[in-house]
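Enquirer: work_24.csv is reproduced below (CSV, C-alpha atoms and all ligand atoms).
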```
chain,number,residue,atom,x,y,z
A,28,ALA,CA,128.2,146.2,70.5
A,29,ASP,CA,127.7,149.4,72.4
A,30,GLY,CA,127.3,150.4,76.0
A,31,PRO,CA,129.9,151.2,78.6
A,32,LEU,CA,133.2,149.3,78.8
A,33,VAL,CA,133.3,148.0,82.3
A,34,LEU,CA,135.8,146.0,84.2
A,35,GLY,CA,134.5,143.9,87.1
A,36,ILE,CA,136.5,142.3,90.0
A,37,GLU,CA,135.2,139.4,92.1
A,38,THR,CA,137.1,138.0,95.1
A,39,SER,CA,134.3,137.2,97.6
A,40,CYS,CA,135.3,133.5,98.0
A,41,ASP,CA,137.9,131.3,96.3
A,42,GLU,CA,137.7,132.6,92.8
A,43,THR,CA,139.8,135.6,91.6
A,44,GLY,CA,137.7,136.9,88.8
A,45,VAL,CA,138.2,139.7,86.3
A,46,GLY,CA,135.6,140.2,83.7
A,47,ILE,CA,135.2,142.9,81.0
A,48,VAL,CA,132.0,143.7,79.3
A,49,ARG,CA,130.7,146.3,76.8
A,50,GLY,CA,127.1,146.9,77.8
A,51,ARG,CA,125.5,143.4,77.8
A,52,THR,CA,128.3,141.9,75.7
A,53,LEU,CA,130.9,139.7,77.4
A,54,LEU,CA,134.4,140.4,76.2
A,55,VAL,CA,136.5,138.5,78.7
A,56,ASP,CA,135.9,136.4,81.8
A,57,ALA,CA,139.3,135.6,83.4
A,58,VAL,CA,139.1,133.4,86.5
A,59,ALA,CA,141.9,132.1,88.7
A,60,SER,CA,140.7,129.6,91.3
A,61,SER,CA,142.3,128.5,94.6
A,62,VAL,CA,139.9,125.6,94.9
A,63,GLU,CA,142.7,123.0,94.6
A,64,GLU,CA,144.4,124.5,97.6
A,65,HIS,CA,141.3,124.1,99.7
A,66,ALA,CA,140.4,120.6,98.5
A,67,ARG,CA,142.5,118.8,101.1
A,68,PHE,CA,140.8,120.8,103.9
A,69,GLY,CA,137.3,119.8,102.5
A,70,GLY,CA,136.2,123.4,102.4
A,71,VAL,CA,137.4,126.9,101.6
A,72,VAL,CA,140.0,128.2,104.1
A,73,PRO,CA,139.6,132.0,104.4
A,74,GLU,CA,143.3,132.8,105.0
A,75,VAL,CA,144.4,130.6,102.1
A,76,ALA,CA,141.8,132.3,99.9
A,77,SER,CA,143.0,135.8,100.8
A,78,ARG,CA,146.6,135.1,100.0
A,79,ALA,CA,145.7,133.4,96.7
A,80,HIS,CA,143.7,136.5,95.7
A,81,LEU,CA,146.7,138.7,96.4
A,82,GLU,CA,148.9,136.5,94.3
A,83,ALA,CA,146.4,136.1,91.4
A,84,MET,CA,145.0,139.7,91.3
A,85,VAL,CA,147.5,141.5,89.0
A,86,PRO,CA,148.2,138.5,86.7
A,87,THR,CA,144.5,138.0,86.2
A,88,LEU,CA,143.9,141.7,85.5
A,89,GLU,CA,146.7,141.7,83.0
A,90,ARG,CA,145.4,138.5,81.3
A,91,ALA,CA,141.9,140.0,81.1
A,92,ALA,CA,143.0,143.2,79.5
A,93,GLU,CA,145.2,141.4,77.0
A,94,GLN,CA,142.5,138.9,76.0
A,95,ALA,CA,140.0,141.8,75.6
A,96,GLY,CA,142.5,143.6,73.4
A,97,ILE,CA,142.1,146.8,75.5
A,98,ARG,CA,144.3,149.0,77.5
A,99,LEU,CA,143.0,149.5,81.0
A,100,HIS,CA,142.7,153.3,80.6
A,101,GLU,CA,140.0,152.7,78.0
A,102,VAL,CA,137.5,151.3,80.6
A,103,ASP,CA,134.5,153.6,81.5
A,104,ALA,CA,134.1,152.2,85.0
A,105,VAL,CA,135.5,149.7,87.5
A,106,ALA,CA,133.0,147.5,89.4
A,107,VAL,CA,133.8,145.3,92.4
A,108,THR,CA,132.0,142.9,94.7
A,109,SER,CA,131.9,144.7,98.0
A,110,GLY,CA,130.0,142.0,99.8
A,111,PRO,CA,128.7,139.6,101.1
A,112,GLY,CA,131.6,137.2,101.3
A,113,LEU,CA,134.8,136.4,103.2
A,114,ALA,CA,136.1,139.6,104.8
A,115,GLY,CA,139.8,139.2,104.0
A,116,ALA,CA,139.0,137.9,100.5
A,117,LEU,CA,136.7,140.8,99.7
A,118,LEU,CA,139.3,143.3,100.9
A,119,VAL,CA,141.8,142.3,98.2
A,120,GLY,CA,139.3,142.9,95.4
A,121,VAL,CA,138.0,146.2,96.9
A,122,ALA,CA,141.6,147.5,97.3
A,123,ALA,CA,142.5,146.5,93.8
A,124,ALA,CA,139.4,148.2,92.4
A,125,LYS,CA,140.0,151.4,94.3
A,126,ALA,CA,143.6,151.5,93.1
A,127,LEU,CA,142.5,151.0,89.5
A,128,ALA,CA,139.6,153.5,89.7
A,129,LEU,CA,141.9,156.1,91.3
A,130,GLY,CA,144.8,155.5,89.0
A,131,LEU,CA,142.7,155.5,85.8
A,132,GLY,CA,140.5,158.4,87.0
A,133,LYS,CA,137.3,156.3,86.4
A,134,PRO,CA,134.2,155.8,88.6
A,135,LEU,CA,134.1,153.0,91.1
A,136,TYR,CA,130.9,150.9,91.6
A,137,GLY,CA,130.7,148.6,94.6
A,138,VAL,CA,128.2,145.8,93.8
A,139,ASN,CA,126.3,143.2,95.8
A,140,HIS,CA,127.5,139.6,95.0
A,141,LEU,CA,124.0,138.2,94.9
A,142,ALA,CA,122.7,140.8,92.6
A,143,ALA,CA,125.7,140.2,90.4
A,144,HIS,CA,124.8,136.5,90.2
A,145,VAL,CA,121.4,137.6,88.8
A,146,ALA,CA,122.8,140.3,86.4
A,147,VAL,CA,125.2,137.9,84.7
A,148,ASP,CA,122.4,136.2,82.9
A,149,GLN,CA,122.0,139.3,80.7
A,150,LEU,CA,125.3,138.5,79.1
A,151,GLU,CA,123.8,135.3,77.8
A,152,HIS,CA,120.1,135.8,77.4
A,153,GLY,CA,119.7,139.6,77.0
A,154,PRO,CA,117.7,142.0,79.1
A,155,LEU,CA,116.2,140.5,82.2
A,156,PRO,CA,112.5,141.0,82.6
A,157,GLU,CA,111.7,143.1,85.7
A,158,PRO,CA,110.2,142.1,88.0
A,159,CYS,CA,111.4,138.5,88.0
A,160,LEU,CA,112.3,135.9,90.6
A,161,ALA,CA,115.8,134.7,91.2
A,162,LEU,CA,116.9,131.5,92.9
A,163,LEU,CA,120.5,131.7,93.9
A,164,VAL,CA,122.1,128.5,95.1
A,165,SER,CA,125.8,128.1,95.7
A,166,GLY,CA,128.3,126.9,98.3
A,167,GLY,CA,127.7,130.1,100.3
A,168,HIS,CA,124.2,131.1,99.7
A,169,SER,CA,120.6,129.8,99.0
A,170,ASN,CA,118.3,132.7,98.4
A,171,LEU,CA,114.9,133.4,96.8
A,172,LEU,CA,114.8,137.0,95.6
A,173,ARG,CA,112.3,139.2,94.0
A,174,VAL,CA,114.1,141.4,91.4
A,175,GLU,CA,112.2,144.6,90.8
A,176,ASP,CA,115.2,146.6,89.6
A,177,LEU,CA,118.5,144.8,89.2
A,178,THR,CA,120.5,147.9,90.4
A,179,THR,CA,118.4,149.0,93.3
A,180,GLY,CA,115.4,146.9,94.1
A,181,VAL,CA,116.2,143.3,95.0
A,182,THR,CA,114.1,142.0,97.8
A,183,PRO,CA,114.8,138.8,99.7
A,184,LEU,CA,111.8,136.5,100.0
A,185,GLY,CA,113.6,133.6,101.7
A,186,ALA,CA,116.9,132.0,102.4
A,187,THR,CA,118.4,128.9,104.0
A,188,ILE,CA,118.2,128.9,107.7
A,189,ASP,CA,121.2,126.6,108.0
A,190,ASP,CA,123.4,125.1,105.3
A,191,ALA,CA,123.6,126.4,101.7
A,192,ALA,CA,122.5,124.0,99.0
A,193,GLY,CA,126.0,123.7,97.6
A,194,GLU,CA,127.3,123.1,101.1
A,195,ALA,CA,124.9,120.2,101.5
A,196,PHE,CA,126.2,118.7,98.1
A,197,ASP,CA,129.7,119.1,99.3
A,198,LYS,CA,129.1,117.4,102.7
A,199,VAL,CA,127.1,114.5,101.2
A,200,ALA,CA,129.8,114.1,98.6
A,201,ARG,CA,132.3,113.8,101.4
A,202,LEU,CA,130.2,111.1,103.2
A,203,LEU,CA,130.2,109.2,99.9
A,204,GLY,CA,133.9,109.5,99.5
A,205,LEU,CA,133.7,111.8,96.6
A,206,PRO,CA,136.2,114.7,96.1
A,207,PHE,CA,135.7,118.4,97.0
A,208,PRO,CA,133.9,120.4,95.7
A,209,GLY,CA,131.4,117.6,95.6
A,210,GLY,CA,128.4,119.0,93.7
A,211,PRO,CA,129.6,117.9,90.2
A,212,HIS,CA,130.5,114.5,91.5
A,213,VAL,CA,127.1,113.9,93.1
A,214,ASP,CA,125.5,115.1,89.9
A,215,ARG,CA,127.5,112.6,87.9
A,216,GLU,CA,127.0,109.6,90.3
A,217,ALA,CA,123.2,110.4,90.4
A,218,ARG,CA,122.9,109.9,86.7
A,219,SER,CA,123.2,106.1,87.2
A,220,GLY,CA,121.2,106.1,90.4
A,221,ASN,CA,117.6,105.7,91.3
A,222,ALA,CA,116.1,109.0,92.6
A,223,VAL,CA,113.2,107.3,94.4
A,224,ALA,CA,115.3,104.6,96.0
A,225,ILE,CA,115.5,106.4,99.3
A,226,ASP,CA,112.9,108.8,100.6
A,227,PHE,CA,115.0,111.6,102.2
A,228,PRO,CA,113.3,114.5,104.0
A,229,ARG,CA,112.3,117.7,102.3
A,230,GLY,CA,113.3,120.5,104.7
A,231,LEU,CA,110.7,123.1,105.9
A,232,THR,CA,107.8,121.7,103.9
A,233,SER,CA,105.5,120.6,106.7
A,234,ARG,CA,102.4,122.6,107.1
A,235,ARG,CA,103.7,124.1,110.3
A,236,ASP,CA,107.1,125.0,108.9
A,237,LEU,CA,105.4,126.6,105.9
A,238,GLU,CA,103.6,129.0,108.1
A,239,ARG,CA,106.8,130.6,109.3
A,240,HIS,CA,109.2,129.6,106.5
A,241,ARG,CA,107.2,129.5,103.3
A,242,PHE,CA,110.2,130.6,101.1
A,243,ASP,CA,113.0,129.5,103.4
A,244,TYR,CA,115.2,126.4,103.0
A,245,SER,CA,116.9,124.0,105.3
A,246,PHE,CA,119.4,121.4,104.3
A,247,SER,CA,121.1,120.3,107.5
A,248,GLY,CA,118.4,117.8,108.4
A,249,LEU,CA,118.7,116.3,105.0
A,250,LYS,CA,122.5,116.0,105.3
A,251,THR,CA,122.1,114.3,108.7
A,252,ALA,CA,119.5,111.9,107.3
A,253,VAL,CA,121.9,110.9,104.6
A,254,ALA,CA,124.7,110.5,107.1
A,255,ARG,CA,122.5,108.2,109.3
A,256,TRP,CA,121.4,106.2,106.3
A,257,VAL,CA,125.0,105.6,105.2
A,258,GLU,CA,126.2,104.8,108.7
A,259,ALA,CA,123.4,102.2,109.2
A,260,ARG,CA,124.4,100.5,106.0
A,261,GLU,CA,128.1,100.5,107.0
A,262,ARG,CA,127.2,99.1,110.5
A,263,ALA,CA,125.3,96.3,108.9
A,264,GLY,CA,128.3,95.5,106.8
A,265,GLU,CA,126.4,96.2,103.6
A,266,PRO,CA,127.8,98.1,100.6
A,267,VAL,CA,126.7,101.7,100.2
A,268,PRO,CA,124.8,102.2,96.9
A,269,VAL,CA,126.6,105.5,96.1
A,270,ALA,CA,124.6,106.3,92.9
A,271,ASP,CA,121.2,105.7,94.6
A,272,VAL,CA,122.1,107.8,97.6
A,273,ALA,CA,123.4,110.6,95.4
A,274,ALA,CA,120.3,110.5,93.2
A,275,SER,CA,117.9,110.4,96.1
A,276,PHE,CA,119.7,113.2,98.0
A,277,GLN,CA,119.8,115.3,94.8
A,278,GLU,CA,116.2,114.7,94.2
A,279,ALA,CA,115.3,115.9,97.7
A,280,VAL,CA,117.4,119.1,97.3
A,281,CYS,CA,116.0,119.9,93.8
A,282,ASP,CA,112.4,119.1,94.8
A,283,VAL,CA,112.4,121.7,97.6
A,284,LEU,CA,114.4,124.3,95.6
A,285,VAL,CA,112.0,124.2,92.6
A,286,ARG,CA,108.8,123.7,94.6
A,287,LYS,CA,109.4,126.9,96.7
A,288,ALA,CA,110.7,128.9,93.8
A,289,LEU,CA,107.6,128.2,91.8
A,290,ASP,CA,105.4,128.9,94.8
A,291,ALA,CA,107.1,132.2,95.2
A,292,ALA,CA,106.7,133.0,91.5
A,293,ALA,CA,102.9,132.4,91.8
A,294,ASP,CA,102.8,134.4,95.1
A,295,GLN,CA,104.6,137.3,93.5
A,296,GLY,CA,102.8,137.1,90.2
A,297,VAL,CA,106.0,136.9,88.1
A,298,ASP,CA,106.5,134.7,85.1
A,299,ASP,CA,110.2,134.6,84.9
A,300,LEU,CA,112.5,132.6,87.1
A,301,LEU,CA,116.3,133.0,87.0
A,302,ILE,CA,118.5,130.3,88.6
A,303,GLY,CA,122.1,131.2,89.4
A,304,GLY,CA,125.0,130.2,91.6
A,305,GLY,CA,127.3,127.2,91.4
A,306,VAL,CA,124.4,124.7,92.1
A,307,ALA,CA,122.5,126.0,89.0
A,308,ALA,CA,125.0,123.9,87.1
A,309,ASN,CA,123.2,120.8,88.4
A,310,SER,CA,121.7,118.8,85.6
A,311,ARG,CA,118.7,117.6,87.6
A,312,LEU,CA,117.9,121.0,89.0
A,313,ARG,CA,117.9,122.5,85.5
A,314,ALA,CA,115.7,119.7,84.1
A,315,MET,CA,113.2,119.6,87.0
A,316,ALA,CA,112.9,123.4,87.0
A,317,GLU,CA,112.2,123.5,83.3
A,318,GLU,CA,109.7,120.7,83.4
A,319,ARG,CA,107.7,122.0,86.4
A,320,ALA,CA,107.9,125.6,85.4
A,321,ALA,CA,106.5,124.9,81.9
A,322,LYS,CA,103.4,123.3,83.5
A,323,VAL,CA,102.6,126.6,85.3
A,324,GLY,CA,103.6,129.0,82.5
A,325,VAL,CA,106.9,130.2,84.1
A,326,ARG,CA,109.9,130.8,81.9
A,327,VAL,CA,113.2,129.6,83.3
A,328,ARG,CA,116.6,131.2,82.6
A,329,VAL,CA,119.8,129.6,83.7
A,330,PRO,CA,123.2,131.0,82.6
A,331,ARG,CA,125.8,128.5,81.3
A,332,PRO,CA,127.7,126.7,84.1
A,333,GLY,CA,130.8,128.9,83.7
A,334,LEU,CA,128.8,132.0,84.4
A,335,CYS,CA,126.9,130.4,87.3
A,336,THR,CA,130.0,129.9,89.4
A,337,ASP,CA,131.7,133.0,90.9
A,338,ASN,CA,133.4,135.1,88.2
A,339,GLY,CA,134.3,138.7,87.3
A,340,ALA,CA,132.0,139.0,84.4
A,341,MET,CA,128.9,139.0,86.7
A,342,VAL,CA,130.3,142.0,88.5
A,343,ALA,CA,131.1,143.8,85.3
A,344,ALA,CA,127.6,143.0,84.0
A,345,LEU,CA,126.0,144.6,87.0
A,346,GLY,CA,128.4,147.5,86.9
A,347,ALA,CA,127.5,148.2,83.3
A,348,GLU,CA,123.8,148.1,84.2
A,349,MET,CA,124.5,150.7,87.0
A,350,VAL,CA,126.3,152.9,84.5
A,351,ALA,CA,123.6,152.6,81.9
A,352,ARG,CA,120.9,153.4,84.5
A,353,GLY,CA,122.8,156.5,85.8
A,354,ARG,CA,123.4,155.1,89.3
A,355,THR,CA,125.7,157.1,91.6
A,356,PRO,CA,129.2,155.7,91.8
A,357,SER,CA,130.7,154.6,95.1
A,358,SER,CA,133.1,156.7,97.0
A,359,LEU,CA,136.8,155.7,97.3
A,360,ASP,CA,136.0,154.9,100.9
A,361,LEU,CA,133.9,152.0,99.8
A,362,PRO,CA,134.1,149.4,102.6
A,363,ALA,CA,134.2,145.6,102.1
A,364,ASP,CA,131.2,144.3,103.9
A,365,SER,CA,131.2,140.6,104.6
A,366,SER,CA,127.6,140.5,105.7
A,367,GLN,CA,126.2,143.0,103.2
A,368,PRO,CA,122.5,142.5,102.8
A,369,ILE,CA,121.0,142.3,99.4
A,401,LIG,O1,128.9,129.8,93.1
A,401,LIG,P1,130.0,128.9,93.5
A,401,LIG,O2,131.1,128.6,92.5
A,401,LIG,O3,130.7,129.5,94.7
A,401,LIG,C1,130.1,130.0,95.9
A,401,LIG,O4,129.8,131.2,95.9
A,401,LIG,O5,129.9,129.1,96.8
A,401,LIG,O6,129.3,127.6,94.0
A,401,LIG,C2,130.1,126.4,94.3
A,401,LIG,C3,129.1,125.3,94.8
A,401,LIG,C4,129.9,124.2,95.4
A,401,LIG,O7,129.2,123.8,96.6
A,401,LIG,C5,129.7,123.1,94.4
A,401,LIG,O8,129.7,121.8,94.9
A,401,LIG,C6,128.4,123.4,93.8
A,401,LIG,O9,128.4,124.8,93.7
A,401,LIG,N1,128.2,122.8,92.4
A,401,LIG,C7,127.2,121.9,92.2
A,401,LIG,C8,127.4,121.5,90.8
A,401,LIG,N2,128.5,122.3,90.3
A,401,LIG,C9,128.9,123.1,91.3
A,401,LIG,N3,126.3,121.4,92.9
A,401,LIG,C10,125.5,120.5,92.4
A,401,LIG,N4,125.6,120.1,91.1
A,401,LIG,C11,126.5,120.6,90.3
A,401,LIG,N5,126.6,120.1,89.0
A,402,ZN,ZN,128.6,133.3,94.6
```
Can you give me the file's structure in the form of C-alpha cells?

Expert:
Amino acid sequence: ADGPLVLGIETSCDETGVGIVRGRTLLVDAVASSVEEHARFGGVVPEVASRAHLEAMVPTLERAAEQAGIRLHEVDAVAVTSGPGLAGALLVGVAAAKALALGLGKPLYGVNHLAAHVAVDQLEHGPLPEPCLALLVSGGHSNLLRVEDLTTGVTPLGATIDDAAGEAFDKVARLLGLPFPGGPHVDREARSGNAVAIDFPRGLTSRRDLERHRFDYSFSGLKTAVARWVEARERAGEPVPVADVAASFQEAVCDVLVRKALDAAADQGVDDLLIGGGVAANSRLRAMAEERAAKVGVRVRVPRPGLCTDNGAMVAALGAEMVARGRTPSSLDLPADSSQPI
C-alpha cells in the first residue's frame, strides 16, 4: 500500500481512539471506551469522559504504534478531531496531537468529526464518489450532508431539531428496561417483534413540516409517544410487549431516516448514499436503506459496525486525504471547538 502514513486521534465523546492508516489502507484501529463508566448514569458524563481520555491516551497511542509495527517518528502527519464534541474531551485529544506533532516535527491536521465519519468508509470500500450524500446517525448527531469534497466541501442539508437518533434508541431502551447504550439491545429485541404492531409517529413528515424541515429530523415526539404507550399499558396492568414496541419504534426511526435521505439524494441528483455513525450498525436501517435505495437506483455504502462508531481510524482516514490533496496543515494554536460546524 502507498500513501501518507497518518496517525489519527479521536476523543470527542466517550471513545479514546488512535488509528493509523497508510493512504486508504487501515493499519490499526485502537479504541479504549469509557462507556461502562457511563452506563450507570444512563448517558455520557462529560467529566468522567475527560478523565478517562487522559488516562487512556498514552497507553492507546503506544498500543496503536506497537500493533502497526511502526515507530511514531515514522508518521507523515498527525490528525485529530478538533470538533464538534464535548469540550473537555476534545481538549485531551487536541493537546495530545499538538504534543506529538511538535515533538515529532510533523504537520498537524485538525479535522471535523462528522467529515471523519464519512471519510472512514474509504478504508473499507475505496474512494468515495464525490458528490455523494451522507446520513450520519449516532448518539450525538443526526445529519444529512452533501459531500462535494471530503476535505473542504461538506454542506449540511438537514439535521435533527431535537434528539439524535441514537439518543432516541437509548431513551426508548431505558423505558423498556434495556441496558445503556440501548441501540444494540433494541435492535436485538426488534428481531422477534412485529414492526407494524404499533403505529408510532414519523417526525417532521406532515406536509406543513416538510415545507420548513424537508431534510430535518425530530425524534423527541416519537420517544414521548413510546413512553405514553408503555405507561398506558402499565397503568392497565398489562404486560409490555417489549419486542413489538422495539420493532415498531425502530421501524418509525428507520422509515424517516431512509425516506428523507433518499428524497435528498433525488433532490441533489446524487446516486451514492453513505450511512455512518453508531446507529448505522442497526440491522433494520441497513436492510431498509438497501432495499429502498435499490428501487430508485441509489447505491448505499455502510462501513462495518466497528468503523461506524467513534474511532481514531476515521480521523486518520480524513487526515490522509487532506495530506493527499495538499491541504494546508493546522497551526499549533488549533483550538478544540465543541460546536464546530461542518
Ligand atoms: O457513533 P457512536 O459510537 O457515538 C456517538 O458519537 O454518539 O454512536 C453511539 C450510538 C448510541 O446511541 C447507540 O445506542 C447507537 O449508536 N447504536 C445503535 C446500534 N448500535 C449502536 N443504535 C441502533 N441500533 C444499533 N445496532
Ligand atoms: Zn461520532

Enquirer: Excluding Gln94 of chain A and residues on its chain fewer than 3 positions from it, collect all residues at most 9 Å away from it, counting only C-alpha atoms, and give them as a count of residues only.

Expert: 7

Enquirer: Please identify the residues whose atoms come within 9 Å of ligand LIG 401 (chain A), using all atoms listed in the file, and report them as a PDB file with C-alpha atoms, in the frame of the given file.

Expert:
```
ATOM      1  CA  SER A  39     134.300 137.200  97.600  1.00  0.00           C
ATOM      2  CA  CYS A  40     135.300 133.500  98.000  1.00  0.00           C
ATOM      3  CA  ASP A  41     137.900 131.300  96.300  1.00  0.00           C
ATOM      4  CA  GLU A  42     137.700 132.600  92.800  1.00  0.00           C
ATOM      5  CA  GLY A 112     131.600 137.200 101.300  1.00  0.00           C
ATOM      6  CA  HIS A 140     127.500 139.600  95.000  1.00  0.00           C
ATOM      7  CA  HIS A 144     124.800 136.500  90.200  1.00  0.00           C
ATOM      8  CA  LEU A 163     120.500 131.700  93.900  1.00  0.00           C
ATOM      9  CA  VAL A 164     122.100 128.500  95.100  1.00  0.00           C
ATOM     10  CA  SER A 165     125.800 128.100  95.700  1.00  0.00           C
ATOM     11  CA  GLY A 166     128.300 126.900  98.300  1.00  0.00           C
ATOM     12  CA  GLY A 167     127.700 130.100 100.300  1.00  0.00           C
ATOM     13  CA  HIS A 168     124.200 131.100  99.700  1.00  0.00           C
ATOM     14  CA  ALA A 191     123.600 126.400 101.700  1.00  0.00           C
ATOM     15  CA  ALA A 192     122.500 124.000  99.000  1.00  0.00           C
ATOM     16  CA  GLY A 193     126.000 123.700  97.600  1.00  0.00           C
ATOM     17  CA  GLU A 194     127.300 123.100 101.100  1.00  0.00           C
ATOM     18  CA  ALA A 195     124.900 120.200 101.500  1.00  0.00           C
ATOM     19  CA  PHE A 196     126.200 118.700  98.100  1.00  0.00           C
ATOM     20  CA  ASP A 197     129.700 119.100  99.300  1.00  0.00           C
ATOM     21  CA  LYS A 198     129.100 117.400 102.700  1.00  0.00           C
ATOM     22  CA  ALA A 200     129.800 114.100  98.600  1.00  0.00           C
ATOM     23  CA  PHE A 207     135.700 118.400  97.000  1.00  0.00           C
ATOM     24  CA  PRO A 208     133.900 120.400  95.700  1.00  0.00           C
ATOM     25  CA  GLY A 209     131.400 117.600  95.600  1.00  0.00           C
ATOM     26  CA  GLY A 210     128.400 119.000  93.700  1.00  0.00           C
ATOM     27  CA  PRO A 211     129.600 117.900  90.200  1.00  0.00           C
ATOM     28  CA  HIS A 212     130.500 114.500  91.500  1.00  0.00           C
ATOM     29  CA  VAL A 213     127.100 113.900  93.100  1.00  0.00           C
ATOM     30  CA  ASP A 214     125.500 115.100  89.900  1.00  0.00           C
ATOM     31  CA  ARG A 215     127.500 112.600  87.900  1.00  0.00           C
ATOM     32  CA  GLN A 277     119.800 115.300  94.800  1.00  0.00           C
ATOM     33  CA  GLY A 303     122.100 131.200  89.400  1.00  0.00           C
ATOM     34  CA  GLY A 304     125.000 130.200  91.600  1.00  0.00           C
ATOM     35  CA  GLY A 305     127.300 127.200  91.400  1.00  0.00           C
ATOM     36  CA  VAL A 306     124.400 124.700  92.100  1.00  0.00           C
ATOM     37  CA  ALA A 307     122.500 126.000  89.000  1.00  0.00           C
ATOM     38  CA  ALA A 308     125.000 123.900  87.100  1.00  0.00           C
ATOM     39  CA  ASN A 309     123.200 120.800  88.400  1.00  0.00           C
ATOM     40  CA  SER A 310     121.700 118.800  85.600  1.00  0.00           C
ATOM     41  CA  ARG A 311     118.700 117.600  87.600  1.00  0.00           C
ATOM     42  CA  LEU A 312     117.900 121.000  89.000  1.00  0.00           C
ATOM     43  CA  PRO A 332     127.700 126.700  84.100  1.00  0.00           C
ATOM     44  CA  GLY A 333     130.800 128.900  83.700  1.00  0.00           C
ATOM     45  CA  LEU A 334     128.800 132.000  84.400  1.00  0.00           C
ATOM     46  CA  CYS A 335     126.900 130.400  87.300  1.00  0.00           C
ATOM     47  CA  THR A 336     130.000 129.900  89.400  1.00  0.00           C
ATOM     48  CA  ASP A 337     131.700 133.000  90.900  1.00  0.00           C
ATOM     49  CA  ASN A 338     133.400 135.100  88.200  1.00  0.00           C
TER      50      ASN A 338
END
```

Enquirer: Would you pick out the contacts of Ala123 of chain A at 9 Å or less, using only C-alpha atoms, so that residues sharing its chain but fewer than 6 positions from it are not included, and give the list as a ChimeraX atom specification?

Expert: /A:36,84-85,107

Enquirer: May I have the residues from that selection written out with C-alpha atoms, as an mmCIF file, keeping the file's coordinate frame?

Expert:
```cif
data_model
loop_
_atom_site.group_PDB
_atom_site.id
_atom_site.type_symbol
_atom_site.label_atom_id
_atom_site.label_comp_id
_atom_site.auth_asym_id
_atom_site.auth_seq_id
_atom_site.Cartn_x
_atom_site.Cartn_y
_atom_site.Cartn_z
ATOM 1 C CA ILE A 36 136.500 142.300 90.000
ATOM 2 C CA MET A 84 145.000 139.700 91.300
ATOM 3 C CA VAL A 85 147.500 141.500 89.000
ATOM 4 C CA VAL A 107 133.800 145.300 92.400
#
```

Enquirer: Pick the closest to Gly230 of chain A from A:Ala320, A:Val72, A:Ile188, A:Val145: which is it, counting only C-alpha atoms?

Expert: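 Residue with the minimum atom-to-atom distance to Gly230 of chain A: A:Ile188.
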
Enquirer: Hey, can you check how far atom CA of Arg313 of chain A sits from atom CA of Pro206 of chain A?

Expert: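 Atom CA of Pro206 of chain A lies at a distance of 22.5 Å from atom CA of Arg313 of chain A.
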
Enquirer: Please list as a tab-separated table (two decimals) with C-alpha atoms, keeping the file's coordinate frame every residue within 12 Å of Glu82 of chain A, counting all atoms listed in the file and excluding residues in the same chain fewer than 4 positions away.

Expert:
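Output saved as part.tsv:
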```tsv
chain	number	residue	atom	x	y	z
A	38	THR	CA	137.10	138.00	95.10
A	42	GLU	CA	137.70	132.60	92.80
A	43	THR	CA	139.80	135.60	91.60
A	59	ALA	CA	141.90	132.10	88.70
A	60	SER	CA	140.70	129.60	91.30
A	61	SER	CA	142.30	128.50	94.60
A	75	VAL	CA	144.40	130.60	102.10
A	76	ALA	CA	141.80	132.30	99.90
A	77	SER	CA	143.00	135.80	100.80
A	78	ARG	CA	146.60	135.10	100.00
A	86	PRO	CA	148.20	138.50	86.70
A	87	THR	CA	144.50	138.00	86.20
A	88	LEU	CA	143.90	141.70	85.50
A	116	ALA	CA	139.00	137.90	100.50
A	119	VAL	CA	141.80	142.30	98.20
A	120	GLY	CA	139.30	142.90	95.40
A	123	ALA	CA	142.50	146.50	93.80
```

Enquirer: Find the spatial neighbours of Glu318 of chain A, counting only C-alpha atoms, within a cut-off of 12 Å - ignore same-chain residues fewer than 6 positions away - and output them as a ChimeraX atom specification.

Expert: /A:282,285-286,289,311-312,324-327

Enquirer: Which residue out of A:Ala104, A:Val199, A:Val33, A:Met341 has the minimum interatomic distance to ligand ZN 402 (chain A) when all atoms listed in the file are used?

Expert: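 Among the listed residues, the smallest separation from ligand ZN 402 (chain A) belongs to A:Met341.
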
Enquirer: Give me the residues near Val253 of chain A as a list in words, where near means some atom within 10 Å (using only C-alpha atoms) and where sequence neighbours in that chain fewer than 4 positions away do not count.

Expert: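 Selected residues are Lys198, Val199, Leu202, Leu203, Ile225, Phe227, Pro228, Ser247, Gly248, Leu249, Val257, Glu258, Ala259, Val272, Ala273, Ser275 and Phe276 of chain A.
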
Enquirer: Out of A:Gly35, A:Arg201, A:His152, A:Val48, which residue has the shortest atom-to-atom distance to Gly70 of chain A when counting all atoms listed in the file?

Expert: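 So, comparing all the options, the nearest one is A:Arg201.
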
Enquirer: Closest to ligand ZN 402 (chain A) among A:Leu345, A:Ala114, A:Leu141, A:Val223, using all atoms listed in the file?

Expert: A:Leu141

Enquirer: Tell me, in Å to one decimal, how far atom CA of Arg235 of chain A is from atom CA of Thr187 of chain A.

Expert: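 Rounded to one decimal, the two atoms are 16.7 Å apart.
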
Enquirer: Rank nothing, just name the residue among A:Leu99, A:Val283, A:Ala316, A:Val342 nearest to ligand ZN 402 (chain A), using only C-alpha atoms and all ligand atoms.

Expert: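 That would be A:Val342, the residue with the smallest distance to ligand ZN 402 (chain A).
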
Enquirer: Using only C-alpha atoms, pick whichever of A:Ala288, A:Ala293, A:Leu359, A:Val350 has the shortest atom-to-atom distance to Ala126 of chain A.

Expert: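 Among A:Ala288, A:Ala293, A:Leu359, A:Val350, it is A:Leu359 that comes nearest to Ala126 of chain A.
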
Enquirer: Quick one, how far is atom CA of Gln295 of chain A from atom CA of Thr178 of chain A?

Expert: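 If I compute the distance from atom CA of Gln295 of chain A to atom CA of Thr178 of chain A, I get 19.4 Å.
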